[in-house]
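J.: Sending over a structure as structure tokens; questions will come in a sec.
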Amino acid sequence: MKTATRSTFRQALVLAAAILAAGAASAETPSTVESRLKAELTAMGYPDGKLPALGPDSGPWLHGAVVGNLLFLSSAAPQDANGQWVKGSIPDKVSAADAPMLARRACVRQINRMKHVLGDLDRVKRIAYVRFNIAVQPGFSDLTKIAEGCSTLYTTVFGEAGKHPRVLEGVSANPSNTALEVETIVEVR
């Protein structure tokens, strides 16, 4: 009986050591979400594949708030490489060809806010809803191609959890005359 107990004890120790080693290894490597995000940020030209600096919450508004299991994010507008807001309507001030990248950049801000509020992007269970307000000239209606810039970023970074319902709205102007704004609601773990 003592031999059987020692054997079981040894097996338990080996198993415990393997679990601890696996945990240490996963703590040293970035999550799949983080590694996919880094690859996308690198491809978009962000230095070292890192999220840009995000200013603190200011005044009476927040970057986002968790209510129950939902994270509501403030709307995000695109910024250029120098951190300046991209302004004007599509297609007269901003080309329709450049607009999908602007939507993508606005969603980088949203991902940055998710990380800011949640602390860890692995807490994102699903992108629950996305709304686009796109400043356009009268008669311009090719909004789907523009929104694809953001939608494909979400699905690339979060996989199946990044697929979402969305609403596209062409507007005559956005606050501060930005080219577009993206609203996002996230289900969290």
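We name chains A, B, ... following the order of the structure tokens; residues begin at 1 in each chain, and ligands are numbered from 1 as shown.
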Identify all residues of segment 36-187 of chain A in alpha helix (DSSP H) (DSSP on the backbone) and supply them as a PyMOL selection string.

T.: chain A and resi 36-43+99-118+143-158

J.: Restricting it to C-alpha atoms, dump the selection as a PDB file, in the first residue's frame.

T.:
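To be explicit, this is the file written out as result_31.pdb:
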ATOM      1  CA  ARG A  36      -2.524  39.555 -33.512  1.00  0.00           C
ATOM      2  CA  LEU A  37      -2.962  43.174 -32.403  1.00  0.00           C
ATOM      3  CA  LYS A  38       0.794  43.757 -32.472  1.00  0.00           C
ATOM      4  CA  ALA A  39       1.010  42.346 -35.999  1.00  0.00           C
ATOM      5  CA  GLU A  40      -1.814  44.630 -37.174  1.00  0.00           C
ATOM      6  CA  LEU A  41      -0.341  47.705 -35.472  1.00  0.00           C
ATOM      7  CA  THR A  42       3.052  46.969 -37.030  1.00  0.00           C
ATOM      8  CA  ALA A  43       1.467  46.638 -40.479  1.00  0.00           C
ATOM      9  CA  ALA A  99     -11.459  56.379 -45.561  1.00  0.00           C
ATOM     10  CA  PRO A 100     -11.284  52.632 -44.654  1.00  0.00           C
ATOM     11  CA  MET A 101      -7.862  53.214 -43.051  1.00  0.00           C
ATOM     12  CA  LEU A 102      -9.365  56.087 -41.068  1.00  0.00           C
ATOM     13  CA  ALA A 103     -12.061  53.750 -39.740  1.00  0.00           C
ATOM     14  CA  ARG A 104      -9.312  51.273 -38.871  1.00  0.00           C
ATOM     15  CA  ARG A 105      -7.378  53.964 -36.977  1.00  0.00           C
ATOM     16  CA  ALA A 106     -10.523  54.979 -35.070  1.00  0.00           C
ATOM     17  CA  CYS A 107     -10.937  51.342 -34.028  1.00  0.00           C
ATOM     18  CA  VAL A 108      -7.313  51.242 -32.853  1.00  0.00           C
ATOM     19  CA  ARG A 109      -8.387  54.000 -30.440  1.00  0.00           C
ATOM     20  CA  GLN A 110     -11.323  51.826 -29.374  1.00  0.00           C
ATOM     21  CA  ILE A 111      -9.065  48.826 -28.737  1.00  0.00           C
ATOM     22  CA  ASN A 112      -6.775  51.137 -26.782  1.00  0.00           C
ATOM     23  CA  ARG A 113      -9.759  52.190 -24.671  1.00  0.00           C
ATOM     24  CA  MET A 114     -10.764  48.549 -24.117  1.00  0.00           C
ATOM     25  CA  LYS A 115      -7.292  47.858 -22.767  1.00  0.00           C
ATOM     26  CA  HIS A 116      -7.342  51.049 -20.686  1.00  0.00           C
ATOM     27  CA  VAL A 117     -10.655  50.220 -19.002  1.00  0.00           C
ATOM     28  CA  LEU A 118     -10.346  46.420 -18.775  1.00  0.00           C
ATOM     29  CA  LEU A 143     -20.346  53.609 -46.459  1.00  0.00           C
ATOM     30  CA  THR A 144     -19.897  49.827 -46.306  1.00  0.00           C
ATOM     31  CA  LYS A 145     -16.354  49.912 -47.723  1.00  0.00           C
ATOM     32  CA  ILE A 146     -15.375  52.546 -45.180  1.00  0.00           C
ATOM     33  CA  ALA A 147     -16.741  50.584 -42.207  1.00  0.00           C
ATOM     34  CA  GLU A 148     -14.928  47.437 -43.383  1.00  0.00           C
ATOM     35  CA  GLY A 149     -11.645  49.020 -42.245  1.00  0.00           C
ATOM     36  CA  CYS A 150     -12.760  48.811 -38.626  1.00  0.00           C
ATOM     37  CA  SER A 151     -14.791  45.620 -38.870  1.00  0.00           C
ATOM     38  CA  THR A 152     -11.905  43.652 -40.378  1.00  0.00           C
ATOM     39  CA  LEU A 153      -9.547  44.939 -37.668  1.00  0.00           C
ATOM     40  CA  TYR A 154     -11.908  43.727 -34.939  1.00  0.00           C
ATOM     41  CA  THR A 155     -12.264  40.287 -36.539  1.00  0.00           C
ATOM     42  CA  THR A 156      -8.535  39.979 -37.212  1.00  0.00           C
ATOM     43  CA  VAL A 157      -7.608  40.860 -33.635  1.00  0.00           C
ATOM     44  CA  PHE A 158     -10.437  39.133 -31.733  1.00  0.00           C
TER      45      PHE A 158
END

J.: Quick one: everything within 12 Å of Pro138 of chain A, counting only C-alpha atoms, minus sequence neighbours fewer than 3 positions away in the same chain. Send it as a list of chain:residue names.

T.: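 Skipping anything fewer than 3 positions along the chain leaves A:Ser89, A:Ile90, A:Pro91, A:Asp92, A:Ile134, A:Ala135, A:Ser141, A:Asp142, A:Gly170, A:Val171, A:Ser172, A:Ala173.
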
J.: Taking C-alpha atoms for each residue, export the selection above as an mmCIF file, in the first residue's frame.

T.:
data_model
loop_
_atom_site.group_PDB
_atom_site.id
_atom_site.type_symbol
_atom_site.label_atom_id
_atom_site.label_comp_id
_atom_site.auth_asym_id
_atom_site.auth_seq_id
_atom_site.Cartn_x
_atom_site.Cartn_y
_atom_site.Cartn_z
ATOM 1 C CA SER A 89 -16.148 64.975 -45.206
ATOM 2 C CA ILE A 90 -15.805 62.142 -47.684
ATOM 3 C CA PRO A 91 -15.100 62.349 -50.627
ATOM 4 C CA ASP A 92 -14.417 66.107 -50.961
ATOM 5 C CA ILE A 134 -19.347 59.013 -41.346
ATOM 6 C CA ALA A 135 -19.223 62.623 -42.561
ATOM 7 C CA SER A 141 -23.456 56.360 -50.080
ATOM 8 C CA ASP A 142 -20.525 53.915 -50.248
ATOM 9 C CA GLY A 170 -23.838 59.114 -43.324
ATOM 10 C CA VAL A 171 -23.962 62.481 -41.560
ATOM 11 C CA SER A 172 -23.393 66.054 -42.694
ATOM 12 C CA ALA A 173 -20.899 66.695 -39.867
#

J.: Please provide as a ChimeraX atom specification all residues within 6 Å of Lys125 of chain A, with the sequence filter that same-chain residues fewer than 5 positions apart are discarded (counting only C-alpha atoms).

T.: /A:187-189

J.: For Gly162 of chain A, which residue out of A:Thr32, A:Pro175, A:Arg126, A:Val136 is the nearest one, using only C-alpha atoms?

T.: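 The closest residue to Gly162 of chain A is A:Arg126.
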
J.: Would you work out the distance separating atom CA of Thr178 of chain A from atom CA of Ala77 of chain A, expressed in Å to one decimal?

T.: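 Interatomic distance, atom CA of Thr178 of chain A to atom CA of Ala77 of chain A: 6.5 Å.
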
J.: Hey, what's within 9 Å of Asn174 of chain A if we count only C-alpha atoms and toss same-chain stuff fewer than 5 positions away? As number ranges by chain, please?

T.: A: 88, 133-135, 179-181

J.: Would you kindly return, as a list in words, each protein, DNA or RNA residue with an atom no farther than 12 Å from any atom of Asn82 of chain A, considering only C-alpha atoms and excluding same-chain residues fewer than 4 positions away?

T.: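 Contacts, in chain order: Gly45, Tyr46, Pro52, Ala53, Pro78 and Val86 of chain A.
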
J.: Keeping N, CA and C atoms for every residue in the selection just given, could you write it to a file as a tab-separated table (two decimals), in the first residue's frame?

T.:
chain	number	residue	atom	x	y	z
A	45	GLY	N	1.93	50.70	-39.26
A	45	GLY	CA	2.99	51.68	-39.07
A	45	GLY	C	3.13	52.23	-37.67
A	46	TYR	N	2.45	51.64	-36.69
A	46	TYR	CA	2.63	52.09	-35.31
A	46	TYR	C	3.98	51.59	-34.81
A	52	PRO	N	-0.85	53.51	-29.48
A	52	PRO	CA	-0.37	54.87	-29.20
A	52	PRO	C	-0.79	55.32	-27.80
A	53	ALA	N	-0.15	56.37	-27.33
A	53	ALA	CA	-0.49	56.90	-26.01
A	53	ALA	C	-1.95	57.33	-26.00
A	78	PRO	N	-10.66	59.16	-35.97
A	78	PRO	CA	-9.30	58.79	-36.38
A	78	PRO	C	-8.31	59.93	-36.19
A	86	VAL	N	-8.29	63.71	-37.98
A	86	VAL	CA	-8.53	63.80	-39.43
A	86	VAL	C	-9.91	64.41	-39.60

J.: Of the candidates A:Glu34, A:Gln137, A:Val186, A:Pro56, which shows the shortest atom-to-atom distance to Asp120 of chain A, using only C-alpha atoms?

T.: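 Of all the options, A:Glu34 lies closest to Asp120 of chain A.
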
J.: I need the residue nearest Val130 of chain A from this list: A:Leu71, A:Leu51, A:Ala65, A:Ile185. Use only C-alpha atoms for the distance.

T.: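 Under the stated criterion, the closest residue is A:Ile185.
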
J.: Quote the spacing between atom CA of Leu168 of chain A and atom CA of Arg131 of chain A in Å to one decimal place.

T.: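 One can read the atom CA of Leu168 of chain A to atom CA of Arg131 of chain A distance as 6.0 Å.
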
J.: Could you state the separation of atom CA of Ser176 of chain A and atom CA of Lys87 of chain A in Å, given to one decimal place?

T.: 7.7 Å

J.: Please, which residues of segment 35-100 of chain A, numbered as in this document, come out strand (DSSP E or B) from DSSP, as a PyMOL selection string?

T.: chain A and resi 58+61+64-67+70-73+76+79+85+87+90

J.: Those residues with N, CA and C atoms, as a compact mmCIF listing (two decimals), in the first residue's frame please?

T.:
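Once everything was written out, this is again37.txt:
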# COMPACT_ATOMS: atom_id res chain seq x y z
N SER A 58 -10.98 62.75 -19.11
CA SER A 58 -10.91 64.17 -18.76
C SER A 58 -12.29 64.75 -18.55
N TRP A 61 -16.28 63.23 -18.82
CA TRP A 61 -16.44 62.02 -19.64
C TRP A 61 -15.33 61.01 -19.39
N GLY A 64 -14.50 54.86 -21.20
CA GLY A 64 -15.49 53.79 -21.23
C GLY A 64 -15.97 53.48 -19.84
N ALA A 65 -17.08 52.76 -19.77
CA ALA A 65 -17.63 52.36 -18.48
C ALA A 65 -18.22 50.96 -18.60
N VAL A 66 -17.92 50.12 -17.62
CA VAL A 66 -18.49 48.78 -17.57
C VAL A 66 -19.79 48.84 -16.78
N VAL A 67 -20.85 48.35 -17.40
CA VAL A 67 -22.16 48.26 -16.77
C VAL A 67 -22.60 46.81 -16.91
N LEU A 70 -21.26 44.57 -19.87
CA LEU A 70 -21.04 45.34 -21.09
C LEU A 70 -20.10 46.51 -20.83
N LEU A 71 -19.21 46.74 -21.77
CA LEU A 71 -18.32 47.90 -21.76
C LEU A 71 -18.81 48.86 -22.83
N PHE A 72 -19.21 50.05 -22.43
CA PHE A 72 -19.63 51.09 -23.35
C PHE A 72 -18.45 52.03 -23.55
N LEU A 73 -18.01 52.20 -24.80
CA LEU A 73 -16.87 53.07 -25.09
C LEU A 73 -17.35 54.40 -25.65
N ALA A 76 -14.95 57.27 -30.99
CA ALA A 76 -13.56 57.53 -31.34
C ALA A 76 -13.47 58.02 -32.77
N GLN A 79 -7.07 59.53 -35.90
CA GLN A 79 -5.97 60.47 -35.81
C GLN A 79 -4.89 60.05 -36.81
N TRP A 85 -6.36 65.08 -35.36
CA TRP A 85 -7.65 64.56 -35.82
C TRP A 85 -7.76 64.72 -37.32
N LYS A 87 -9.94 65.55 -40.31
CA LYS A 87 -11.18 66.31 -40.42
C LYS A 87 -11.66 66.41 -41.86
N ILE A 90 -16.20 63.06 -46.62
CA ILE A 90 -15.80 62.14 -47.68
C ILE A 90 -16.80 62.33 -48.82

J.: Choose the residue, out of A:Gln84, A:Ser74, A:Asn69, A:Ser95, that has the smallest atom-to-atom separation from Arg123 of chain A; count only C-alpha atoms.

T.: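 Closest to Arg123 of chain A of all the choices is A:Asn69.
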